[in-house]
Every structure is written in structure tokens, then in C-alpha cells.
file protein.pdb (PDB, C-alpha atoms, pLDDT in the B column)
ATOM      1  CA  MET A   1       5.614  19.430 -72.989  1.00 67.00           C
ATOM      2  CA  GLY A   2       5.248  19.224 -69.205  1.00 85.00           C
ATOM      3  CA  TYR A   3       3.492  21.442 -66.714  1.00 87.00           C
ATOM      4  CA  THR A   4       4.239  21.747 -62.997  1.00 90.00           C
ATOM      5  CA  LEU A   5       2.839  24.132 -60.435  1.00 93.00           C
ATOM      6  CA  GLU A   6       3.240  24.316 -56.677  1.00 95.00           C
ATOM      7  CA  ALA A   7       1.863  27.557 -55.245  1.00 96.00           C
ATOM      8  CA  PHE A   8      -0.173  29.484 -52.720  1.00 95.00           C
ATOM      9  CA  ILE A   9      -3.053  31.464 -54.241  1.00 96.00           C
ATOM     10  CA  GLY A  10      -5.211  34.115 -52.620  1.00 95.00           C
ATOM     11  CA  ASP A  11      -5.914  37.789 -52.212  1.00 95.00           C
ATOM     12  CA  PRO A  12      -2.614  39.714 -52.331  1.00 95.00           C
ATOM     13  CA  GLY A  13      -3.303  41.264 -48.923  1.00 93.00           C
ATOM     14  CA  VAL A  14      -3.856  37.826 -47.416  1.00 93.00           C
ATOM     15  CA  LEU A  15      -0.649  36.462 -48.965  1.00 93.00           C
ATOM     16  CA  ARG A  16       1.491  39.452 -47.917  1.00 92.00           C
ATOM     17  CA  PRO A  17       2.469  37.892 -44.519  1.00 88.00           C
ATOM     18  CA  VAL A  18       4.078  34.966 -46.380  1.00 87.00           C
ATOM     19  CA  VAL A  19       6.265  37.372 -48.365  1.00 91.00           C
ATOM     20  CA  ASP A  20       7.024  39.385 -45.227  1.00 91.00           C
ATOM     21  CA  ARG A  21       8.037  36.251 -43.331  1.00 88.00           C
ATOM     22  CA  TRP A  22      10.173  34.753 -46.130  1.00 89.00           C
ATOM     23  CA  PRO A  23      11.710  37.440 -48.378  1.00 90.00           C
ATOM     24  CA  VAL A  24      12.564  34.809 -51.030  1.00 94.00           C
ATOM     25  CA  ALA A  25       8.810  34.538 -51.689  1.00 93.00           C
ATOM     26  CA  ALA A  26       7.464  36.452 -54.692  1.00 95.00           C
ATOM     27  CA  LEU A  27       3.918  37.753 -55.029  1.00 96.00           C
ATOM     28  CA  VAL A  28       2.735  37.424 -58.648  1.00 96.00           C
ATOM     29  CA  PRO A  29      -0.526  39.095 -59.737  1.00 96.00           C
ATOM     30  CA  LEU A  30      -3.169  36.991 -61.475  1.00 94.00           C
ATOM     31  CA  SER A  31      -6.617  37.860 -62.827  1.00 89.00           C
ATOM     32  CA  ALA A  32      -9.745  38.163 -60.657  1.00 89.00           C
ATOM     33  CA  GLY A  33      -7.908  40.095 -57.939  1.00 93.00           C
ATOM     34  CA  LEU A  34      -5.859  37.068 -56.931  1.00 96.00           C
ATOM     35  CA  SER A  35      -2.123  36.558 -56.588  1.00 96.00           C
ATOM     36  CA  LEU A  36       0.181  33.573 -56.545  1.00 96.00           C
ATOM     37  CA  ILE A  37       3.290  32.742 -54.527  1.00 95.00           C
ATOM     38  CA  PRO A  38       5.259  30.033 -56.336  1.00 96.00           C
ATOM     39  CA  MET A  39       6.597  27.359 -53.960  1.00 94.00           C
ATOM     40  CA  THR A  40      10.069  27.316 -55.432  1.00 93.00           C
ATOM     41  CA  ASP A  41      12.817  25.120 -54.024  1.00 92.00           C
ATOM     42  CA  GLU A  42      14.336  28.242 -52.467  1.00 92.00           C
ATOM     43  CA  LEU A  43      11.081  29.174 -50.708  1.00 92.00           C
ATOM     44  CA  PHE A  44      10.536  25.570 -49.609  1.00 91.00           C
ATOM     45  CA  ASP A  45      14.002  25.547 -48.012  1.00 89.00           C
ATOM     46  CA  ALA A  46      13.470  28.977 -46.380  1.00 88.00           C
ATOM     47  CA  ALA A  47      10.118  27.810 -44.981  1.00 84.00           C
ATOM     48  CA  GLY A  48      11.808  24.958 -43.202  1.00 78.00           C
ATOM     49  CA  GLY A  49      12.065  22.452 -46.037  1.00 67.00           C
ATOM     50  CA  GLY A  50      12.304  18.986 -44.631  1.00 62.00           C
ATOM     51  CA  PRO A  51       9.156  16.932 -44.393  1.00 57.00           C
ATOM     52  CA  THR A  52       6.109  17.929 -46.377  1.00 58.00           C
ATOM     53  CA  SER A  53       2.507  17.894 -45.286  1.00 57.00           C
ATOM     54  CA  GLU A  54       2.122  14.206 -46.075  1.00 59.00           C
ATOM     55  CA  ALA A  55      -1.123  13.915 -44.142  1.00 67.00           C
ATOM     56  CA  LEU A  56      -2.692  16.134 -46.796  1.00 78.00           C
ATOM     57  CA  GLY A  57      -0.844  14.383 -49.623  1.00 81.00           C
ATOM     58  CA  PHE A  58       1.074  17.365 -50.963  1.00 86.00           C
ATOM     59  CA  TRP A  59       4.591  17.042 -52.382  1.00 83.00           C
ATOM     60  CA  LYS A  60       5.908  20.478 -51.528  1.00 88.00           C
ATOM     61  CA  LEU A  61       3.750  22.082 -48.831  1.00 88.00           C
ATOM     62  CA  PRO A  62       6.053  22.493 -45.819  1.00 82.00           C
ATOM     63  CA  ALA A  63       4.801  20.535 -42.805  1.00 77.00           C
ATOM     64  CA  ASN A  64       5.218  23.675 -40.683  1.00 75.00           C
ATOM     65  CA  PHE A  65       2.824  25.745 -42.864  1.00 78.00           C
ATOM     66  CA  GLU A  66       0.652  27.683 -40.429  1.00 75.00           C
ATOM     67  CA  PRO A  67      -2.484  28.886 -42.249  1.00 76.00           C
ATOM     68  CA  GLU A  68      -3.649  30.723 -39.128  1.00 73.00           C
ATOM     69  CA  ARG A  69      -0.702  33.122 -39.565  1.00 73.00           C
ATOM     70  CA  VAL A  70      -1.967  34.006 -43.032  1.00 76.00           C
ATOM     71  CA  GLY A  71      -5.394  35.074 -41.841  1.00 79.00           C
ATOM     72  CA  GLY A  72      -7.973  35.036 -44.641  1.00 89.00           C
ATOM     73  CA  ALA A  73      -8.661  32.507 -47.365  1.00 94.00           C
ATOM     74  CA  VAL A  74      -5.572  30.912 -48.900  1.00 93.00           C
ATOM     75  CA  ALA A  75      -5.267  27.971 -51.275  1.00 95.00           C
ATOM     76  CA  TYR A  76      -2.334  25.693 -51.870  1.00 94.00           C
ATOM     77  CA  VAL A  77      -2.276  23.945 -55.238  1.00 95.00           C
ATOM     78  CA  GLU A  78      -0.089  21.401 -56.983  1.00 94.00           C
ATOM     79  CA  ALA A  79      -0.318  20.121 -60.535  1.00 91.00           C
ATOM     80  CA  GLU A  80       1.945  17.975 -62.652  1.00 91.00           C
ATOM     81  CA  PHE A  81       1.142  17.024 -66.244  1.00 83.00           C
ATOM     82  CA  PHE A  82       3.104  15.589 -69.125  1.00 81.00           C
ATOM     83  CA  GLY A  83       1.586  14.698 -72.464  1.00 72.00           C
ATOM     84  CA  GLY A  84      -1.930  15.386 -71.181  1.00 70.00           C
ATOM     85  CA  VAL A  85      -1.636  12.936 -68.270  1.00 73.00           C
ATOM     86  CA  GLY A  86      -1.064  14.025 -64.705  1.00 80.00           C
ATOM     87  CA  THR A  87      -2.339  14.912 -61.263  1.00 84.00           C
ATOM     88  CA  GLN A  88      -3.849  17.853 -59.401  1.00 89.00           C
ATOM     89  CA  ARG A  89      -4.204  18.448 -55.682  1.00 92.00           C
ATOM     90  CA  ALA A  90      -5.645  21.514 -53.953  1.00 94.00           C
ATOM     91  CA  ALA A  91      -6.843  22.682 -50.553  1.00 94.00           C
ATOM     92  CA  LEU A  92      -8.326  25.866 -49.152  1.00 95.00           C
ATOM     93  CA  TRP A  93      -7.938  27.281 -45.659  1.00 93.00           C
ATOM     94  CA  THR A  94     -10.190  30.027 -44.316  1.00 92.00           C
ATOM     95  CA  GLY A  95      -9.379  31.736 -41.054  1.00 88.00           C
ATOM     96  CA  GLY A  96      -6.661  29.170 -40.368  1.00 85.00           C
ATOM     97  CA  ARG A  97      -8.933  26.137 -40.752  1.00 89.00           C
ATOM     98  CA  LEU A  98      -9.132  23.684 -43.617  1.00 90.00           C
ATOM     99  CA  ALA A  99     -12.306  24.695 -45.487  1.00 93.00           C
ATOM    100  CA  LEU A 100     -12.076  22.545 -48.632  1.00 91.00           C
ATOM    101  CA  GLY A 101     -10.013  19.522 -49.485  1.00 85.00           C
ATOM    102  CA  PRO A 102      -7.546  18.328 -49.956  1.00 92.00           C
ATOM    103  CA  LEU A 103      -9.021  17.504 -53.342  1.00 88.00           C
ATOM    104  CA  PHE A 104      -7.095  15.129 -55.577  1.00 87.00           C
ATOM    105  CA  VAL A 105      -7.335  13.824 -59.126  1.00 82.00           C
ATOM    106  CA  GLY A 106      -4.798  11.226 -60.187  1.00 76.00           C
ATOM    107  CA  GLU A 107      -3.613  10.004 -63.535  1.00 74.00           C
ATOM    108  CA  ASP A 108      -6.411   8.657 -65.737  1.00 73.00           C
ATOM    109  CA  GLU A 109      -9.089  10.048 -63.401  1.00 66.00           C
ATOM    110  CA  HIS A 110     -11.708  12.527 -64.577  1.00 70.00           C
ATOM    111  CA  PHE A 111     -12.443  15.856 -62.954  1.00 67.00           C
ATOM    112  CA  ALA A 112     -15.587  16.097 -60.838  1.00 65.00           C
ATOM    113  CA  LEU A 113     -18.640  17.887 -62.236  1.00 63.00           C
ATOM    114  CA  ALA A 114     -17.666  20.833 -60.014  1.00 69.00           C
ATOM    115  CA  GLY A 115     -14.349  21.074 -61.910  1.00 73.00           C
ATOM    116  CA  SER A 116     -10.719  20.268 -61.318  1.00 85.00           C
ATOM    117  CA  PRO A 117      -9.373  20.454 -57.755  1.00 92.00           C
ATOM    118  CA  ILE A 118      -7.616  23.736 -58.540  1.00 91.00           C
ATOM    119  CA  SER A 119     -10.686  25.246 -60.237  1.00 91.00           C
ATOM    120  CA  GLN A 120     -12.832  24.299 -57.241  1.00 92.00           C
ATOM    121  CA  VAL A 121     -10.627  26.169 -54.762  1.00 95.00           C
ATOM    122  CA  LEU A 122     -10.325  29.103 -57.171  1.00 93.00           C
ATOM    123  CA  ALA A 123     -14.120  29.324 -57.365  1.00 93.00           C
ATOM    124  CA  ARG A 124     -14.252  29.445 -53.550  1.00 94.00           C
ATOM    125  CA  LEU A 125     -11.689  32.269 -53.683  1.00 94.00           C
ATOM    126  CA  GLY A 126     -14.068  34.210 -55.939  1.00 91.00           C
ATOM    127  CA  ALA A 127     -12.649  33.473 -59.385  1.00 89.00           C
ATOM    128  CA  GLY A 128     -15.198  33.075 -62.145  1.00 82.00           C
ATOM    129  CA  ARG A 129     -14.885  31.463 -65.553  1.00 81.00           C
ATOM    130  CA  ASP A 130     -15.518  34.728 -67.413  1.00 80.00           C
ATOM    131  CA  GLY A 131     -15.939  33.023 -70.792  1.00 83.00           C
ATOM    132  CA  HIS A 132     -12.989  30.680 -70.278  1.00 81.00           C
ATOM    133  CA  HIS A 133     -12.996  26.885 -70.061  1.00 80.00           C
ATOM    134  CA  ASP A 134     -12.627  27.006 -66.262  1.00 83.00           C
ATOM    135  CA  GLU A 135     -11.319  29.126 -63.369  1.00 87.00           C
ATOM    136  CA  PHE A 136      -7.794  27.752 -63.912  1.00 82.00           C
ATOM    137  CA  ASP A 137      -7.738  29.268 -67.409  1.00 85.00           C
ATOM    138  CA  ALA A 138      -9.641  32.398 -66.394  1.00 86.00           C
ATOM    139  CA  ILE A 139      -6.990  33.561 -63.912  1.00 89.00           C
ATOM    140  CA  GLY A 140      -4.105  32.660 -66.232  1.00 89.00           C
ATOM    141  CA  LEU A 141      -2.499  29.638 -64.568  1.00 89.00           C
ATOM    142  CA  GLY A 142      -1.485  28.352 -67.991  1.00 87.00           C
ATOM    143  CA  ARG A 143       0.728  31.397 -68.533  1.00 91.00           C
ATOM    144  CA  HIS A 144       3.847  29.528 -67.371  1.00 91.00           C
ATOM    145  CA  ARG A 145       4.766  25.844 -67.661  1.00 89.00           C
ATOM    146  CA  HIS A 146       6.887  25.445 -64.504  1.00 92.00           C
ATOM    147  CA  THR A 147       6.712  26.817 -60.966  1.00 92.00           C
ATOM    148  CA  GLU A 148      10.030  28.679 -61.210  1.00 90.00           C
ATOM    149  CA  ASP A 149       8.924  30.403 -64.449  1.00 90.00           C
ATOM    150  CA  TRP A 150       6.481  32.531 -62.430  1.00 92.00           C
ATOM    151  CA  LEU A 151       9.481  34.468 -61.086  1.00 91.00           C
ATOM    152  CA  SER A 152      10.435  35.850 -64.522  1.00 81.00           C
TER     153      SER A 152
END
call {"tool": "encode", "arguments": {"input": "protein.pdb", "output": "C-alpha cells"}}
result
Amino acid sequence: MGYTLEAFIGDPGVLRPVVDRWPVAALVPLSAGLSLIPMTDELFDAAGGGPTSEALGFWKLPANFEPERVGGAVAYVEAEFFGGVGTQRAALWTGGRLALGPLFVGEDEHFALAGSPISQVLARLGAGRDGHHDEFDAIGLGRHRHTEDWLS
């Protein structure tokens, strides 16, 4: 079974301007006081679609993403796995500036001692492990298998 995720993650108040700017965006609550905005195809198109932020290596982050318009700390994460093999990429912006990343782990690579790229940015956003394997599990990112499933 596969797993894909492309999403913004942060405090719901910080992410609110994204939803206000693009009404097709949906704010989904997670644990630890965080929320997620799935980067669906519809949101990607509304946000300008076209080229992605290739300089950072993301597949679906619109090149015209302006983190300074968001304000506080916001992460963008991507993961794709099938049969236990896959990739993760994550970055964190604080106050409009890149604060961490982009972090990347490719197929057949091991996570750093600090954790997976996504768990590292989640830790910087204030998520703890709270008895779970990592921050990814602690905030419930395994709840859905595909980006679009977060809308249901």
C-alpha cells in the first residue's frame, strides 16, 4: 500500500492566511496544536500551478509560494512511500525566511539521528513524541494514506 503527502503544516492561526487567500485550501486539525493544509491538485492550480520550487527540490510546492505572507513558522512537507521504500523532503520557514532545510531522504537512505525530515521540522514546530515512535506518528500523519484523503 502506498503513502503520499504534500502539505503545509503549522499553527492554525499561522496557516489561516493561506486558506483566506485560496478558498480551495482546507485547514485540517492535527495533534499538538498543529494543523495541515493538503496541497491538493486543486490548491496547486489555484496557487498558480505551473513550475514548482525546483531550487528546493519539492515536487508540488508552487514556485510563487511566499512564506513572508504567512507570517510565523510554517513547514512544507512531501513524502512518497510504496512497500516501505520511498522519499521524504521537508523545510521550515520562520518569519518568511528559510529556517531549516530543505531536508531530504531518498530511497534506501536512512533517517538522520535527529529523525526523518518531516519529524525534524515538526519538532521545530513544537511537536513532541509523546510516547510515539516519532513526531510524525505523534501528530497523526499516518491517519490518511494520500494527500486528497485529508479532505474527507
call {"tool": "resolve_selection", "arguments": {"input": "protein.pdb", "expression": "the PyMOL selection byres ((chain A and resi 21) around 12)", "output": "NGL selection string"}}
result
:A and (15-20 or 22-26 or 43 or 46-48 or 65-66 or 69-70)
call {"tool": "atom_distance", "arguments": {"input": "protein.pdb", "atom1": "CA of Leu141 in chain A", "atom2": "CA of Gly95 in chain A"}}
result
24.6 Å
call {"tool": "residues_around", "arguments": {"input": "protein.pdb", "residues": "range 124-135 of chain A", "least_positions_apart": "6", "cutoff": "8 Å", "atoms": "all atoms listed in the file", "output": "list in words"}}
result
Gly10, Ala32, Ala73, Val74 and Gly115 of chain A
call {"tool": "axis_aligned_box", "arguments": {"input": "protein.pdb", "around": "range 25-38 of chain A", "padding_each_side": "3 Å", "output": "lines of an AutoDock Vina configuration file"}}
result
center_x = -0.5
center_y = 35.1
center_z = -57.3
size_x = 24.6
size_y = 16.1
size_z = 17.1
call {"tool": "closest_residue", "arguments": {"input": "protein.pdb", "among": "A:Met39, A:Leu100, A:Ala63, A:Leu56", "to": "His146 in chain A", "atoms": "all atoms listed in the file"}}
result
A:Met39
call {"tool": "atom_distance", "arguments": {"input": "protein.pdb", "atom1": "CA of Asn64 in chain A", "atom2": "CA of Gly13 in chain A"}}
result
21.2 Å
call {"tool": "atom_distance", "arguments": {"input": "protein.pdb", "atom1": "CA of Leu61 in chain A", "atom2": "CA of Val77 in chain A"}}
result
9.0 Å
call {"tool": "closest_residue", "arguments": {"input": "protein.pdb", "among": "A:Pro67, A:Ser119, A:Val14, A:Glu80", "to": "Leu98 in chain A", "atoms": "only C-alpha atoms"}}
result
A:Pro67
call {"tool": "closest_residue", "arguments": {"input": "protein.pdb", "among": "A:Leu151, A:Arg97, A:Ser31, A:His110", "to": "Phe136 in chain A", "atoms": "all atoms listed in the file"}}
result
A:Ser31
call {"tool": "residues_around", "arguments": {"input": "protein.pdb", "residues": "Leu30 in chain A", "least_positions_apart": "4", "cutoff": "9 Å", "atoms": "all atoms listed in the file", "output": "number ranges by chain"}}
result
A: 34-36, 139-141
call {"tool": "closest_residue", "arguments": {"input": "protein.pdb", "among": "A:Gly84, A:Pro62, A:Pro117, A:Pro12", "to": "Leu27 in chain A", "atoms": "all atoms listed in the file"}}
result
A:Pro12
call {"tool": "resolve_selection", "arguments": {"input": "protein.pdb", "expression": "the PyMOL selection byres ((chain A and resi 7) around 9)", "output": "list in words"}}
result
Leu5, Glu6, Phe8, Ile9, Leu36, Ile37, Pro38, Met39, Thr40, Lys60, Leu61, Ala75, Tyr76, Val77, Glu78 and Thr147 of chain A
call {"tool": "closest_residue", "arguments": {"input": "protein.pdb", "among": "A:Glu107, A:Asp45, A:Phe58, A:Gly71", "to": "Arg89 in chain A", "atoms": "all atoms listed in the file"}}
result
A:Phe58
call {"tool": "closest_residue", "arguments": {"input": "protein.pdb", "among": "A:Pro102, A:Gly33, A:Gly57, A:Gly2", "to": "Ile118 in chain A", "atoms": "all atoms listed in the file"}}
result
A:Pro102
